[in-house]
Amino acid sequence: MFDIILKHSGNLKNDILAGLTAVLTLIPEAVAFTFVAGIDPMMGLYGSFFIGFITAAFGGRPAMISGAAGSMAVVTTAFIIMFGLEYLLAAVILTGILQVLFGAFKMGKFIRLLPHPVMLGFVNGLAIVIGMAQFGQFKENTRVVYDKQNDMFTYAGDWMALTSPAMLTMMGMIVLTMLIVHFLPKFTKAIPAPLAAIVVCTLLATFTPLKDHSKRVSDVVLGQRTSMTEKEIITDEFNAKKETVLHREYTAAAEATVAKGVNEQEIQERWDLNQTQLIAEGKKDEVDALDGSLKGRLPSFHLPSIGWDMSNPENRDKAVKVFILALILASVGLIETLMTMSLIDEITETRGQGNRESVAQGTGNIVSGFFGGMCGCAMIGQSVICLNSGGRGRASGIATAIFMLIFILFAPQLIEMIPVASLIGVMFMVVIATFEWSSLRLFGKIPKSEILIIIIVSAVTVFLDLAVAVGIGIIISALIYAWNSAKEIKIKVTNESEAEKTYSVSGNIFFGSITSFKELFDPNNDPQDVYIDFADSKVCDHSGIEAVHGLSERYKAAGKVLHLRHLSPECATLLKKAGDIVEVNILEDPKYHVADDALA
């Protein structure tokens, strides 16, 4: 799967160069994900710095890159529209607290229960999601539209014409980037191939005629800020009149508000108004121009301005919504992080510490929330880029975070001038490296049930979200295991005469196998004394206990004597209703625990 990733020991130079390469792809992706969430790009960049630095320095997996992730951004979109930015920051902080508790109680070990087909589905689905996310850059003329199904204003755009200069330039740079990333390591490993590809394409987009048709990072940032401001104006305008709109005319009124449009002057005035309000609130020192600049300043501590009076029903309702969102964000973030960590463990042939990583990630989200940043988690794409560029130690993740801060504070123009096509090409190579191509050769070689799990997890990851996909995959795997285990229950008659009969049971007796277990006995036709030997079997849960007890009642009703051998003492205790039919052999009876509340 990861043939293009070089497996070698890391050093400081490799780690620093790998961190530089990773940050060049992390910044545009963090900016793009904030667009999905509907927040300012600087929130994603600040969050990526805090989370990336803390997890790199104190986490449990060196060379794993963390930042503002799309899997978490998509969850917050509707929440921001309904409750606003301040409540989102509160949810980010609570997300971090839940993740710290997860790690403190050492719950990271449960990642070991993840079935391999679920892991394959996760990897394939996430690779597809990363690839699909790049196609949004092939659109132009972004505008605000009304989404009737979700009752919200969102964005739409037009695909570039295939023969347009912009499309041809973008496709050419993507191909060039992929060729450099693939072939450069065959000639030299002195510089990471993705970094070399980005530099070459940036030079072409700056000093050749291609500059007139190249879409740069600054263009993306300006487009996002303009579209977000436009959506804010349209949303406010519609909210001001929607209470007076008849239900049957609701959709038409929303679409009419969009059709009315917003001119450039209105967008500029709203932008300046928002900047003035931020200064008045002490969140900024000066007005920023409406442009594609990524230049920022050191963020300041900010306590979310939310309603703390829980005697107010409205505040209680919002608090519940914040907790639910935080629980979802914490789950999505931890699942993606721990699964990415497992993937990196496989690549580097080392082992990370899941609980330590959970605590570090939670701490990063808490700090990010208090300093106005977005929530985040491990990013599989940037982590693969880091590894492919030679990063192996903590210095690679720390360098990624520090380079990000340097670019934001002192050299944003170096990022702004990068052509988006080169970043898309790098991410396409990440998709190729991440996708488990060998899973396509498994068809016909492994059970159909496991193929089904891979497909389902991949599809749910693409169309819903990661947490749901993993949960569904684990449930299906557990049900399939239970079904297969239930079919393994077998009965063999080892001793039979007119006076007595002995059944030897093999296989586990639990909720899934009790029906088959009970059908294997014939109390009416068995002799007077019947022995059931559990030496090769184990009663696993309360359902198994009840099945054995029910069988004893059937033999008692038939006037027969049933003797149970090689049951554990706990099973014999729970079968007290069976009276004297339980024959306990202290020397031979096994000792194991049964999952039953009566013994808790």
# chains A, B, ... in the order shown; residues from 1 in each chain; ligands from 1

call {"tool": "closest_atom_pairs", "arguments": {"of": "region 264-347 of chain A", "to": "region 356-376 of chain A", "cutoff": "12 Å", "atoms": "only C-alpha atoms", "output": "CSV"}}
result
residue,atom,partner,partner_atom,distance
A:Lys283,CA,A:Gly372,CA,9.5
A:Lys284,CA,A:Gly372,CA,11.8
A:Arg297,CA,A:Phe371,CA,11.8
A:Leu298,CA,A:Phe371,CA,9.4
A:Pro299,CA,A:Phe371,CA,5.9
A:Ser300,CA,A:Phe371,CA,5.7
A:Phe301,CA,A:Phe371,CA,4.8
A:His302,CA,A:Phe370,CA,5.3
A:Leu303,CA,A:Phe370,CA,5.9
A:Pro304,CA,A:Phe370,CA,7.4
A:Ser305,CA,A:Phe370,CA,11.1
A:Leu325,CA,A:Cys375,CA,11.6
A:Ala326,CA,A:Cys375,CA,9.9
A:Ile328,CA,A:Cys375,CA,11.9
A:Leu329,CA,A:Cys375,CA,8.2
A:Ala330,CA,A:Gly362,CA,8.3
A:Ser331,CA,A:Ser358,CA,10.8
A:Val332,CA,A:Gly376,CA,9.7
A:Gly333,CA,A:Gly376,CA,6.8
A:Leu334,CA,A:Ser358,CA,6.8
A:Ile335,CA,A:Ser358,CA,10.0
A:Glu336,CA,A:Gly376,CA,10.2
A:Thr337,CA,A:Ser358,CA,8.2
A:Leu338,CA,A:Glu357,CA,8.2
A:Met339,CA,A:Glu357,CA,11.7
A:Thr340,CA,A:Glu357,CA,11.3
A:Met341,CA,A:Glu357,CA,9.0
A:Ser342,CA,A:Glu357,CA,11.9

call {"tool": "write_last_selection", "arguments": {"atoms": "N, CA, C and O atoms", "output": "mmCIF file, in the first residue's frame"}}
result
data_model
loop_
_atom_site.group_PDB
_atom_site.id
_atom_site.type_symbol
_atom_site.label_atom_id
_atom_site.label_comp_id
_atom_site.auth_asym_id
_atom_site.auth_seq_id
_atom_site.Cartn_x
_atom_site.Cartn_y
_atom_site.Cartn_z
ATOM 1 N N LYS A 283 -10.955 42.274 20.173
ATOM 2 C CA LYS A 283 -10.424 41.068 19.553
ATOM 3 C C LYS A 283 -9.394 41.371 18.467
ATOM 4 O O LYS A 283 -8.660 40.491 18.042
ATOM 5 N N LYS A 284 -9.351 42.641 18.012
ATOM 6 C CA LYS A 284 -8.397 43.035 16.979
ATOM 7 C C LYS A 284 -7.925 44.447 17.275
ATOM 8 O O LYS A 284 -8.562 45.204 18.023
ATOM 9 N N ARG A 297 -1.916 37.874 13.477
ATOM 10 C CA ARG A 297 -1.183 38.339 14.651
ATOM 11 C C ARG A 297 -1.353 37.294 15.728
ATOM 12 O O ARG A 297 -2.209 36.402 15.615
ATOM 13 N N LEU A 298 -0.553 37.396 16.767
ATOM 14 C CA LEU A 298 -0.671 36.414 17.834
ATOM 15 C C LEU A 298 -2.061 36.490 18.448
ATOM 16 O O LEU A 298 -2.511 37.576 18.848
ATOM 17 N N PRO A 299 -2.775 35.385 18.504
ATOM 18 C CA PRO A 299 -4.130 35.417 19.069
ATOM 19 C C PRO A 299 -4.102 35.689 20.566
ATOM 20 O O PRO A 299 -3.122 35.365 21.248
ATOM 21 N N SER A 300 -5.153 36.275 21.089
ATOM 22 C CA SER A 300 -5.244 36.583 22.511
ATOM 23 C C SER A 300 -6.263 35.670 23.183
ATOM 24 O O SER A 300 -7.148 35.109 22.537
ATOM 25 N N PHE A 301 -6.138 35.547 24.505
ATOM 26 C CA PHE A 301 -7.044 34.701 25.274
ATOM 27 C C PHE A 301 -8.462 35.279 25.214
ATOM 28 O O PHE A 301 -8.664 36.490 25.330
ATOM 29 N N HIS A 302 -9.429 34.390 25.020
ATOM 30 C CA HIS A 302 -10.819 34.835 24.886
ATOM 31 C C HIS A 302 -11.741 33.801 25.517
ATOM 32 O O HIS A 302 -11.760 32.637 25.129
ATOM 33 N N LEU A 303 -12.501 34.236 26.527
ATOM 34 C CA LEU A 303 -13.497 33.359 27.146
ATOM 35 C C LEU A 303 -14.789 33.462 26.340
ATOM 36 O O LEU A 303 -15.302 34.568 26.132
ATOM 37 N N PRO A 304 -15.306 32.350 25.835
ATOM 38 C CA PRO A 304 -16.527 32.398 25.000
ATOM 39 C C PRO A 304 -17.663 33.157 25.680
ATOM 40 O O PRO A 304 -17.962 32.928 26.857
ATOM 41 N N SER A 305 -18.280 34.053 24.934
ATOM 42 C CA SER A 305 -19.393 34.864 25.461
ATOM 43 C C SER A 305 -20.707 34.115 25.231
ATOM 44 O O SER A 305 -21.374 34.284 24.211
ATOM 45 N N LEU A 325 -22.829 18.471 20.515
ATOM 46 C CA LEU A 325 -21.850 18.748 19.466
ATOM 47 C C LEU A 325 -20.444 18.366 19.922
ATOM 48 O O LEU A 325 -19.681 17.761 19.165
ATOM 49 N N ALA A 326 -20.106 18.709 21.170
ATOM 50 C CA ALA A 326 -18.779 18.385 21.693
ATOM 51 C C ALA A 326 -18.557 16.877 21.737
ATOM 52 O O ALA A 326 -17.464 16.384 21.422
ATOM 53 N N ILE A 328 -19.949 14.649 19.762
ATOM 54 C CA ILE A 328 -19.761 14.198 18.383
ATOM 55 C C ILE A 328 -18.359 14.556 17.894
ATOM 56 O O ILE A 328 -17.651 13.727 17.305
ATOM 57 N N LEU A 329 -17.942 15.806 18.148
ATOM 58 C CA LEU A 329 -16.616 16.254 17.707
ATOM 59 C C LEU A 329 -15.520 15.425 18.373
ATOM 60 O O LEU A 329 -14.537 15.034 17.719
ATOM 61 N N ALA A 330 -15.663 15.177 19.678
ATOM 62 C CA ALA A 330 -14.654 14.382 20.390
ATOM 63 C C ALA A 330 -14.575 12.971 19.815
ATOM 64 O O ALA A 330 -13.474 12.426 19.636
ATOM 65 N N SER A 331 -15.732 12.388 19.517
ATOM 66 C CA SER A 331 -15.756 11.025 18.968
ATOM 67 C C SER A 331 -15.112 10.977 17.588
ATOM 68 O O SER A 331 -14.262 10.133 17.315
ATOM 69 N N VAL A 332 -15.514 11.916 16.710
ATOM 70 C CA VAL A 332 -14.962 11.944 15.361
ATOM 71 C C VAL A 332 -13.461 12.173 15.408
ATOM 72 O O VAL A 332 -12.676 11.490 14.729
ATOM 73 N N GLY A 333 -13.033 13.145 16.225
ATOM 74 C CA GLY A 333 -11.617 13.464 16.310
ATOM 75 C C GLY A 333 -10.783 12.313 16.826
ATOM 76 O O GLY A 333 -9.710 12.001 16.290
ATOM 77 N N LEU A 334 -11.266 11.648 17.877
ATOM 78 C CA LEU A 334 -10.497 10.543 18.457
ATOM 79 C C LEU A 334 -10.456 9.339 17.530
ATOM 80 O O LEU A 334 -9.413 8.682 17.401
ATOM 81 N N ILE A 335 -11.576 9.052 16.887
ATOM 82 C CA ILE A 335 -11.600 7.912 15.975
ATOM 83 C C ILE A 335 -10.625 8.142 14.822
ATOM 84 O O ILE A 335 -9.814 7.260 14.484
ATOM 85 N N GLU A 336 -10.688 9.329 14.203
ATOM 86 C CA GLU A 336 -9.780 9.598 13.086
ATOM 87 C C GLU A 336 -8.329 9.605 13.553
ATOM 88 O O GLU A 336 -7.440 9.096 12.865
ATOM 89 N N THR A 337 -8.075 10.156 14.747
ATOM 90 C CA THR A 337 -6.707 10.212 15.257
ATOM 91 C C THR A 337 -6.163 8.823 15.553
ATOM 92 O O THR A 337 -5.050 8.472 15.143
ATOM 93 N N LEU A 338 -6.934 8.025 16.279
ATOM 94 C CA LEU A 338 -6.444 6.704 16.671
ATOM 95 C C LEU A 338 -6.294 5.778 15.461
ATOM 96 O O LEU A 338 -5.372 4.958 15.411
ATOM 97 N N MET A 339 -7.174 5.930 14.475
ATOM 98 C CA MET A 339 -7.048 5.106 13.277
ATOM 99 C C MET A 339 -5.878 5.581 12.411
ATOM 100 O O MET A 339 -5.178 4.768 11.803
ATOM 101 N N THR A 340 -5.666 6.887 12.352
ATOM 102 C CA THR A 340 -4.493 7.396 11.643
ATOM 103 C C THR A 340 -3.221 6.936 12.336
ATOM 104 O O THR A 340 -2.239 6.579 11.683
ATOM 105 N N MET A 341 -3.251 6.930 13.656
ATOM 106 C CA MET A 341 -2.091 6.457 14.417
ATOM 107 C C MET A 341 -1.804 4.986 14.122
ATOM 108 O O MET A 341 -0.645 4.587 13.949
ATOM 109 N N SER A 342 -2.844 4.178 14.038
ATOM 110 C CA SER A 342 -2.658 2.763 13.699
ATOM 111 C C SER A 342 -2.051 2.610 12.309
ATOM 112 O O SER A 342 -1.200 1.746 12.076
#

call {"tool": "closest_residue", "arguments": {"among": "A:Trp483, A:Phe463, A:Phe410, A:Phe428", "to": "Leu179 (chain A)", "atoms": "only C-alpha atoms"}}
result
A:Phe428

call {"tool": "closest_residue", "arguments": {"among": "A:Ala63, A:Leu88, A:Ile455, A:Met43", "to": "Ile324 (chain A)", "atoms": "only C-alpha atoms"}}
result
A:Leu88

call {"tool": "atom_distance", "arguments": {"atom1": "CA of Ile398 (chain A)", "atom2": "CA of Gly381 (chain A)"}}
result
16.9 Å

call {"tool": "select_by_dssp", "arguments": {"residues": "region 31-223 of chain A", "states": "alpha helix (DSSP H)", "output": "number ranges by chain"}}
result
A: 31-37, 41-58, 70-83, 85-104, 116-134, 165-183, 193-207, 217-223

call {"tool": "write_last_selection", "arguments": {"atoms": "C-alpha atoms", "output": "compact mmCIF listing (two decimals), in the first residue's frame"}}
result
# COMPACT_ATOMS: atom_id res chain seq x y z
CA VAL A 31 -8.41 27.29 4.95
CA ALA A 32 -10.68 25.16 2.75
CA PHE A 33 -12.16 23.35 5.75
CA THR A 34 -12.99 26.63 7.50
CA PHE A 35 -14.93 27.53 4.37
CA VAL A 36 -16.96 24.35 4.85
CA ALA A 37 -17.62 25.30 8.47
CA PRO A 41 -9.76 31.12 7.62
CA MET A 42 -7.60 32.47 10.46
CA MET A 43 -9.60 30.36 12.94
CA GLY A 44 -8.52 27.23 11.12
CA LEU A 45 -4.90 28.36 10.97
CA TYR A 46 -4.73 29.30 14.66
CA GLY A 47 -6.38 26.03 15.62
CA SER A 48 -3.96 24.08 13.45
CA PHE A 49 -1.01 25.78 15.15
CA PHE A 50 -2.13 25.12 18.73
CA ILE A 51 -3.32 21.56 18.13
CA GLY A 52 -0.39 20.71 15.87
CA PHE A 53 2.26 22.00 18.28
CA ILE A 54 0.82 20.46 21.45
CA THR A 55 0.17 17.03 19.92
CA ALA A 56 3.60 16.99 18.25
CA ALA A 57 5.41 17.95 21.46
CA PHE A 58 3.44 15.92 23.99
CA GLY A 70 -12.56 18.49 7.49
CA SER A 71 -14.16 15.53 9.26
CA MET A 72 -14.82 17.81 12.24
CA ALA A 73 -15.58 20.94 10.22
CA VAL A 74 -18.56 19.42 8.42
CA VAL A 75 -20.19 18.58 11.77
CA THR A 76 -20.15 22.23 12.87
CA THR A 77 -21.78 23.86 9.82
CA ALA A 78 -25.41 23.79 10.93
CA PHE A 79 -24.48 24.48 14.57
CA ILE A 80 -22.72 27.76 13.68
CA ILE A 81 -25.72 28.91 11.68
CA MET A 82 -28.08 28.23 14.59
CA PHE A 83 -26.03 29.30 17.62
CA LEU A 85 -19.35 31.46 16.79
CA GLU A 86 -19.14 31.93 20.57
CA TYR A 87 -21.04 28.72 21.25
CA LEU A 88 -18.81 26.93 18.75
CA LEU A 89 -15.74 27.98 20.77
CA ALA A 90 -17.44 26.66 23.91
CA ALA A 91 -18.03 23.35 22.11
CA VAL A 92 -14.37 23.24 21.03
CA ILE A 93 -13.25 23.65 24.65
CA LEU A 94 -15.67 20.98 25.88
CA THR A 95 -14.50 18.70 23.06
CA GLY A 96 -10.97 18.98 24.40
CA ILE A 97 -12.10 18.23 27.96
CA LEU A 98 -13.91 15.06 26.82
CA GLN A 99 -10.84 13.93 24.87
CA VAL A 100 -8.59 14.50 27.91
CA LEU A 101 -10.95 12.39 30.02
CA PHE A 102 -10.94 9.69 27.33
CA GLY A 103 -7.16 9.48 27.52
CA ALA A 104 -6.98 9.87 31.32
CA HIS A 116 -9.07 -5.16 9.98
CA PRO A 117 -11.86 -4.87 7.36
CA VAL A 118 -13.08 -1.75 9.18
CA MET A 119 -9.56 -0.35 9.05
CA LEU A 120 -9.38 -1.02 5.31
CA GLY A 121 -12.77 0.63 4.79
CA PHE A 122 -11.66 3.63 6.82
CA VAL A 123 -8.45 4.06 4.82
CA ASN A 124 -10.20 3.68 1.47
CA GLY A 125 -13.10 5.94 2.42
CA LEU A 126 -10.83 8.65 3.78
CA ALA A 127 -8.67 8.51 0.65
CA ILE A 128 -11.80 9.02 -1.46
CA VAL A 129 -12.92 11.92 0.76
CA ILE A 130 -9.50 13.60 0.42
CA GLY A 131 -9.64 13.18 -3.35
CA MET A 132 -13.21 14.47 -3.64
CA ALA A 133 -12.36 17.52 -1.53
CA GLN A 134 -9.88 18.66 -4.19
CA PRO A 165 -6.92 28.41 -20.20
CA ALA A 166 -7.52 28.20 -16.43
CA MET A 167 -8.49 24.51 -16.59
CA LEU A 168 -5.64 23.58 -18.95
CA THR A 169 -3.14 25.40 -16.73
CA MET A 170 -4.48 23.70 -13.61
CA MET A 171 -4.44 20.23 -15.18
CA GLY A 172 -0.93 20.75 -16.52
CA MET A 173 0.42 21.79 -13.10
CA ILE A 174 -1.33 18.89 -11.39
CA VAL A 175 0.26 16.39 -13.77
CA LEU A 176 3.67 18.09 -13.43
CA THR A 177 3.42 17.97 -9.63
CA MET A 178 2.49 14.28 -9.61
CA LEU A 179 5.36 13.45 -11.98
CA ILE A 180 7.88 15.28 -9.80
CA VAL A 181 6.60 13.62 -6.62
CA HIS A 182 6.82 10.21 -8.27
CA PHE A 183 10.12 10.41 -10.11
CA ALA A 193 9.68 15.63 -3.62
CA PRO A 194 6.38 17.35 -2.69
CA LEU A 195 8.30 20.46 -1.58
CA ALA A 196 10.27 20.50 -4.83
CA ALA A 197 7.07 20.16 -6.86
CA ILE A 198 5.40 23.05 -5.02
CA VAL A 199 8.46 25.29 -5.53
CA VAL A 200 8.68 24.49 -9.26
CA CYS A 201 4.99 25.17 -9.86
CA THR A 202 5.13 28.38 -7.82
CA LEU A 203 8.02 29.65 -9.96
CA LEU A 204 6.10 28.78 -13.12
CA ALA A 205 2.99 30.55 -11.86
CA THR A 206 5.02 33.64 -10.91
CA PHE A 207 7.56 34.18 -13.67
CA VAL A 217 -4.02 30.38 -2.48
CA SER A 218 -4.69 34.12 -2.13
CA ASP A 219 -7.46 33.81 -4.74
CA VAL A 220 -9.08 31.02 -2.73
CA VAL A 221 -8.91 33.01 0.54
CA LEU A 222 -10.36 36.17 -1.08
CA GLY A 223 -13.15 34.14 -2.70
